[in-house]
$ cat my_file.pdb   # PDB, N, CA and C atoms
ATOM      1  N   MET L   1      82.156  87.361 121.947
ATOM      2  CA  MET L   1      83.080  88.416 122.324
ATOM      3  C   MET L   1      82.400  89.768 122.119
ATOM      4  N   PRO L   2      82.333  90.597 123.163
ATOM      5  CA  PRO L   2      81.678  91.907 122.998
ATOM      6  C   PRO L   2      82.540  92.863 122.185
ATOM      7  N   LYS L   3      81.889  93.884 121.661
ATOM      8  CA  LYS L   3      82.611  94.907 120.915
ATOM      9  C   LYS L   3      83.475  95.720 121.867
ATOM     10  N   LEU L   4      84.604  96.195 121.352
ATOM     11  CA  LEU L   4      85.477  97.055 122.143
ATOM     12  C   LEU L   4      85.033  98.498 121.994
ATOM     13  N   LYS L   5      85.206  99.266 123.047
ATOM     14  CA  LYS L   5      84.808 100.665 122.984
ATOM     15  C   LYS L   5      85.962 101.527 122.477
ATOM     16  N   THR L   6      85.611 102.595 121.763
ATOM     17  CA  THR L   6      86.577 103.572 121.269
ATOM     18  C   THR L   6      86.552 104.773 122.198
ATOM     19  N   LYS L   7      87.743 105.284 122.541
ATOM     20  CA  LYS L   7      87.811 106.507 123.349
ATOM     21  C   LYS L   7      87.224 107.656 122.531
ATOM     22  N   SER L   8      86.252 108.347 123.081
ATOM     23  CA  SER L   8      85.552 109.371 122.303
ATOM     24  C   SER L   8      86.456 110.555 121.976
ATOM     25  N   GLY L   9      87.456 110.835 122.813
ATOM     26  CA  GLY L   9      88.377 111.927 122.524
ATOM     27  C   GLY L   9      89.230 111.663 121.296
ATOM     28  N   VAL L  10      89.538 110.406 121.032
ATOM     29  CA  VAL L  10      90.350 110.041 119.870
ATOM     30  C   VAL L  10      89.581 110.309 118.581
ATOM     31  N   LYS L  11      88.304 110.038 118.591
ATOM     32  CA  LYS L  11      87.485 110.272 117.392
ATOM     33  C   LYS L  11      87.490 111.745 117.012
ATOM     34  N   LYS L  12      87.527 112.617 118.017
ATOM     35  CA  LYS L  12      87.442 114.053 117.763
ATOM     36  C   LYS L  12      88.790 114.669 117.388
ATOM     37  N   ARG L  13      89.890 114.100 117.864
ATOM     38  CA  ARG L  13      91.178 114.779 117.791
ATOM     39  C   ARG L  13      92.134 114.258 116.737
ATOM     40  N   PHE L  14      91.873 113.081 116.165
ATOM     41  CA  PHE L  14      92.814 112.485 115.224
ATOM     42  C   PHE L  14      92.111 112.060 113.948
ATOM     43  N   LYS L  15      92.861 112.103 112.835
ATOM     44  CA  LYS L  15      92.384 111.592 111.546
ATOM     45  C   LYS L  15      93.441 110.641 111.011
ATOM     46  N   LEU L  16      93.021 109.571 110.361
ATOM     47  CA  LEU L  16      93.923 108.583 109.797
ATOM     48  C   LEU L  16      94.201 108.921 108.346
ATOM     49  N   THR L  17      95.492 108.906 107.951
ATOM     50  CA  THR L  17      95.838 109.167 106.558
ATOM     51  C   THR L  17      95.747 107.861 105.771
ATOM     52  N   ALA L  18      95.877 107.944 104.459
ATOM     53  CA  ALA L  18      95.776 106.762 103.604
ATOM     54  C   ALA L  18      96.919 105.786 103.856
ATOM     55  N   THR L  19      98.059 106.278 104.308
ATOM     56  CA  THR L  19      99.201 105.399 104.565
ATOM     57  C   THR L  19      99.240 104.884 105.998
ATOM     58  N   GLY L  20      98.221 105.214 106.804
ATOM     59  CA  GLY L  20      98.142 104.693 108.161
ATOM     60  C   GLY L  20      98.738 105.589 109.228
ATOM     61  N   LEU L  21      99.195 106.784 108.859
ATOM     62  CA  LEU L  21      99.714 107.716 109.848
ATOM     63  C   LEU L  21      98.556 108.496 110.460
ATOM     64  N   LEU L  22      98.807 109.144 111.578
ATOM     65  CA  LEU L  22      97.762 109.909 112.263
ATOM     66  C   LEU L  22      98.068 111.397 112.203
ATOM     67  N   LYS L  23      97.074 112.192 111.819
ATOM     68  CA  LYS L  23      97.178 113.641 111.826
ATOM     69  C   LYS L  23      96.546 114.168 113.105
ATOM     70  N   HIS L  24      97.096 115.261 113.625
ATOM     71  CA  HIS L  24      96.533 115.883 114.824
ATOM     72  C   HIS L  24      96.734 117.380 114.749
ATOM     73  N   GLY L  25      95.880 118.102 115.438
ATOM     74  CA  GLY L  25      96.028 119.541 115.528
ATOM     75  C   GLY L  25      97.151 119.897 116.475
ATOM     76  N   VAL L  26      97.773 121.032 116.259
ATOM     77  CA  VAL L  26      98.905 121.452 117.071
ATOM     78  C   VAL L  26      98.404 122.212 118.289
ATOM     79  N   ALA L  27      99.021 121.964 119.423
ATOM     80  CA  ALA L  27      98.637 122.633 120.663
ATOM     81  C   ALA L  27      99.171 124.057 120.690
ATOM     82  N   GLY L  28      98.543 124.917 121.473
ATOM     83  CA  GLY L  28      99.038 126.268 121.685
ATOM     84  C   GLY L  28      98.568 127.269 120.663
ATOM     85  N   LYS L  29      97.397 127.076 120.056
ATOM     86  CA  LYS L  29      96.918 128.005 119.034
ATOM     87  C   LYS L  29      95.589 128.653 119.400
ATOM     88  N   ARG L  30      95.113 128.477 120.611
ATOM     89  CA  ARG L  30      93.765 128.917 120.949
ATOM     90  C   ARG L  30      93.704 130.341 121.485
ATOM     91  N   HIS L  31      94.597 130.677 122.376
ATOM     92  CA  HIS L  31      94.539 132.005 122.996
ATOM     93  C   HIS L  31      95.938 132.393 123.437
ATOM     94  N   ARG L  32      96.110 133.664 123.846
ATOM     95  CA  ARG L  32      97.405 134.217 124.269
ATOM     96  C   ARG L  32      98.446 134.130 123.164
ATOM     97  N   LEU L  33      98.039 134.366 121.920
ATOM     98  CA  LEU L  33      98.974 134.300 120.813
ATOM     99  C   LEU L  33      99.839 135.561 120.714
ATOM    100  N   ALA L  34      99.460 136.614 121.401
ATOM    101  CA  ALA L  34     100.283 137.821 121.385
ATOM    102  C   ALA L  34     101.626 137.588 122.073
ATOM    103  N   HIS L  35     101.712 136.588 122.931
ATOM    104  CA  HIS L  35     102.955 136.273 123.630
ATOM    105  C   HIS L  35     103.901 135.463 122.760
ATOM    106  N   HIS L  36     103.416 134.885 121.652
ATOM    107  CA  HIS L  36     104.269 134.093 120.773
ATOM    108  C   HIS L  36     104.713 134.940 119.592
ATOM    109  N   ASN L  37     105.884 134.616 119.050
ATOM    110  CA  ASN L  37     106.351 135.365 117.893
ATOM    111  C   ASN L  37     105.729 134.802 116.609
ATOM    112  N   GLY L  38     105.913 135.503 115.511
ATOM    113  CA  GLY L  38     105.280 135.124 114.251
ATOM    114  C   GLY L  38     105.742 133.790 113.729
ATOM    115  N   LYS L  39     107.013 133.450 113.949
ATOM    116  CA  LYS L  39     107.542 132.168 113.475
ATOM    117  C   LYS L  39     106.821 130.999 114.153
ATOM    118  N   TYR L  40     106.585 131.126 115.443
ATOM    119  CA  TYR L  40     105.886 130.074 116.184
ATOM    120  C   TYR L  40     104.474 129.885 115.646
ATOM    121  N   ILE L  41     103.777 130.971 115.395
ATOM    122  CA  ILE L  41     102.395 130.903 114.924
ATOM    123  C   ILE L  41     102.341 130.305 113.520
ATOM    124  N   ARG L  42     103.270 130.704 112.641
ATOM    125  CA  ARG L  42     103.296 130.168 111.281
ATOM    126  C   ARG L  42     103.617 128.677 111.257
ATOM    127  N   GLN L  43     104.590 128.254 112.059
ATOM    128  CA  GLN L  43     105.012 126.850 112.030
ATOM    129  C   GLN L  43     103.962 125.923 112.626
ATOM    130  N   ASN L  44     103.116 126.444 113.487
ATOM    131  CA  ASN L  44     102.099 125.610 114.111
ATOM    132  C   ASN L  44     100.736 125.746 113.448
ATOM    133  N   ARG L  45     100.709 126.304 112.242
ATOM    134  CA  ARG L  45      99.460 126.423 111.495
ATOM    135  C   ARG L  45      99.126 125.061 110.896
ATOM    136  N   GLY L  46      97.848 124.722 110.848
ATOM    137  CA  GLY L  46      97.447 123.465 110.214
ATOM    138  C   GLY L  46      97.609 122.272 111.131
ATOM    139  N   THR L  47      97.977 121.126 110.566
ATOM    140  CA  THR L  47      98.073 119.885 111.329
ATOM    141  C   THR L  47      99.474 119.305 111.199
ATOM    142  N   LYS L  48      99.807 118.385 112.096
ATOM    143  CA  LYS L  48     101.089 117.685 112.087
ATOM    144  C   LYS L  48     100.816 116.179 112.108
ATOM    145  N   LEU L  49     101.853 115.397 111.836
ATOM    146  CA  LEU L  49     101.755 113.945 111.926
ATOM    147  C   LEU L  49     102.248 113.494 113.296
ATOM    148  N   LEU L  50     101.585 112.500 113.839
ATOM    149  CA  LEU L  50     101.941 111.971 115.149
ATOM    150  C   LEU L  50     103.177 111.088 115.021
ATOM    151  N   SER L  51     104.009 111.044 116.055
ATOM    152  CA  SER L  51     105.208 110.211 116.033
ATOM    153  C   SER L  51     104.825 108.730 116.082
ATOM    154  N   LYS L  52     105.769 107.872 115.686
ATOM    155  CA  LYS L  52     105.491 106.427 115.647
ATOM    156  C   LYS L  52     105.152 105.875 117.030
ATOM    157  N   ALA L  53     105.865 106.338 118.048
ATOM    158  CA  ALA L  53     105.642 105.832 119.403
ATOM    159  C   ALA L  53     104.241 106.178 119.889
ATOM    160  N   ASP L  54     103.775 107.389 119.592
ATOM    161  CA  ASP L  54     102.448 107.790 120.031
ATOM    162  C   ASP L  54     101.355 107.177 119.170
ATOM    163  N   THR L  55     101.663 106.882 117.906
ATOM    164  CA  THR L  55     100.666 106.311 117.003
ATOM    165  C   THR L  55     100.179 104.966 117.509
ATOM    166  N   ALA L  56     101.087 104.149 118.035
ATOM    167  CA  ALA L  56     100.702 102.831 118.535
ATOM    168  C   ALA L  56      99.700 102.944 119.679
ATOM    169  N   ALA L  57      99.916 103.905 120.575
ATOM    170  CA  ALA L  57      99.017 104.075 121.709
ATOM    171  C   ALA L  57      97.653 104.569 121.252
ATOM    172  N   VAL L  58      97.620 105.517 120.329
ATOM    173  CA  VAL L  58      96.353 106.087 119.880
ATOM    174  C   VAL L  58      95.552 105.048 119.095
ATOM    175  N   LYS L  59      96.228 104.226 118.286
ATOM    176  CA  LYS L  59      95.514 103.193 117.535
ATOM    177  C   LYS L  59      94.910 102.143 118.460
ATOM    178  N   ALA L  60      95.523 101.930 119.625
ATOM    179  CA  ALA L  60      94.942 101.000 120.604
ATOM    180  C   ALA L  60      93.658 101.559 121.191
ATOM    181  N   TRP L  61      93.543 102.892 121.258
ATOM    182  CA  TRP L  61      92.326 103.517 121.789
ATOM    183  C   TRP L  61      91.197 103.512 120.782
ATOM    184  N   ALA L  62      91.524 103.258 119.506
ATOM    185  CA  ALA L  62      90.499 103.199 118.443
ATOM    186  C   ALA L  62      90.623 101.824 117.785
ATOM    187  N   PRO L  63      90.093 100.778 118.405
ATOM    188  CA  PRO L  63      90.364  99.419 117.933
ATOM    189  C   PRO L  63      89.837  99.118 116.534
ATOM    190  N   TYR L  64      88.830  99.825 116.057
ATOM    191  CA  TYR L  64      88.267  99.548 114.740
ATOM    192  C   TYR L  64      88.639 100.629 113.730
ATOM    193  N   GLY L  65      89.642 101.435 114.041
ATOM    194  CA  GLY L  65      90.113 102.453 113.123
ATOM    195  C   GLY L  65      89.349 103.749 113.250
ATOM    196  N   LEU L  66      89.828 104.744 112.521
ATOM    197  CA  LEU L  66      89.206 106.073 112.511
ATOM    198  C   LEU L  66      88.697 106.366 111.112
ATOM    199  N   ARG L  67      87.627 107.115 111.009
ATOM    200  CA  ARG L  67      87.090 107.458 109.696
ATOM    201  C   ARG L  67      87.587 108.793 109.228
TER     202      ARG L  67
END

$ encode --input "my_file.pdb" --output "structure tokens"
Amino acid sequence: MPKLKTKSGVKKRFKLTATGLLKHGVAGKRHRLAHHNGKYIRQNRGTKLLSKADTAAVKAWAPYGLR
């Protein structure tokens, strides 16, 4: 049985927590931040946890896990 390939975008964009959840960066923080209010910028600082429905799909793209 050949090895399965991992989607290279998943390796760059997600990190696995110790409990098996996935962390991801929040969208909308790169440019044009003057159009957003301060609350939006503060709440989207750092990383968020991926929802359960999306976690199943992302884990399928990384068959041997993420480091």

$ residues_near_point --input "my_file.pdb" --point "(87.0, 99.5, 117.1)" --cutoff "6 Å" --atoms "all atoms listed in the file" --output "list in words"
Leu4, Lys5, Thr6, Ala62, Pro63, Tyr64 and Gly65 of chain L

$ residues_near_point --input "my_file.pdb" --point "(93.0, 106.8, 122.0)" --cutoff "6.5 Å" --atoms "only N, CA and C atoms" --output "list in words"
Lys7, Gly9, Val10, Ala57, Val58, Lys59, Ala60, Trp61 and Ala62 of chain L

$ residues_around --input "my_file.pdb" --residues "L:Arg13" --least-positions-apart "5" --cutoff "7 Å" --atoms "only N, CA and C atoms" --output "PyMOL selection string"
chain L and resi 8+23-25

$ write_last_selection --input "my_file.pdb" --atoms "N, CA and C atoms" --output "short mmCIF file (atom, residue, chain, number, x, y, z; two decimals), in the frame of the given file"
data_model
loop_
_atom_site.label_atom_id
_atom_site.label_comp_id
_atom_site.auth_asym_id
_atom_site.auth_seq_id
_atom_site.Cartn_x
_atom_site.Cartn_y
_atom_site.Cartn_z
N SER L 8 86.25 108.35 123.08
CA SER L 8 85.55 109.37 122.30
C SER L 8 86.46 110.56 121.98
N LYS L 23 97.07 112.19 111.82
CA LYS L 23 97.18 113.64 111.83
C LYS L 23 96.55 114.17 113.10
N HIS L 24 97.10 115.26 113.62
CA HIS L 24 96.53 115.88 114.82
C HIS L 24 96.73 117.38 114.75
N GLY L 25 95.88 118.10 115.44
CA GLY L 25 96.03 119.54 115.53
C GLY L 25 97.15 119.90 116.48
#

$ closest_residue --input "my_file.pdb" --among "L:Leu33, L:Ala18, L:Val26, L:Leu66" --to "L:Arg45" --atoms "all atoms listed in the file"
L:Val26

$ select_by_dssp --input "my_file.pdb" --residues "chain L" --states "strand (DSSP E or B)" --output "list in words"
Phe14, Lys15, Leu16, Leu22, Lys23, His24, Gly25, Thr47, Lys48 and Leu49 of chain L

$ atom_distance --input "my_file.pdb" --atom1 "atom CA of L:Leu22" --atom2 "atom CA of L:Gln43"
18.4 Å

$ closest_residue --input "my_file.pdb" --among "L:Thr55, L:Pro2, L:Asn44, L:Leu16" --to "L:Lys29" --atoms "all atoms listed in the file"
L:Asn44

$ atom_distance --input "my_file.pdb" --atom1 "atom C of L:Phe14" --atom2 "atom CA of L:Tyr40"
22.8 Å

$ axis_aligned_box --input "my_file.pdb" --around "stretch 30-47 of chain L" --padding-each-side "6 Å" --output "lines of an AutoDock Vina configuration file"
center_x = 100.6
center_y = 128.6
center_z = 117.2
size_x = 25.8
size_y = 30.5
size_z = 26.1

$ atom_distance --input "my_file.pdb" --atom1 "atom CA of L:Ala53" --atom2 "atom CA of L:Gly28"
21.6 Å

$ select_by_dssp --input "my_file.pdb" --residues "chain L" --states "helix (DSSP H, G or I)" --output "JSON, numbers by chain"
{"L": [8, 9, 10, 11, 12, 13, 33, 34, 35, 38, 39, 40, 41, 42, 43, 52, 53, 54, 55, 56, 57, 58, 59, 60, 61]}
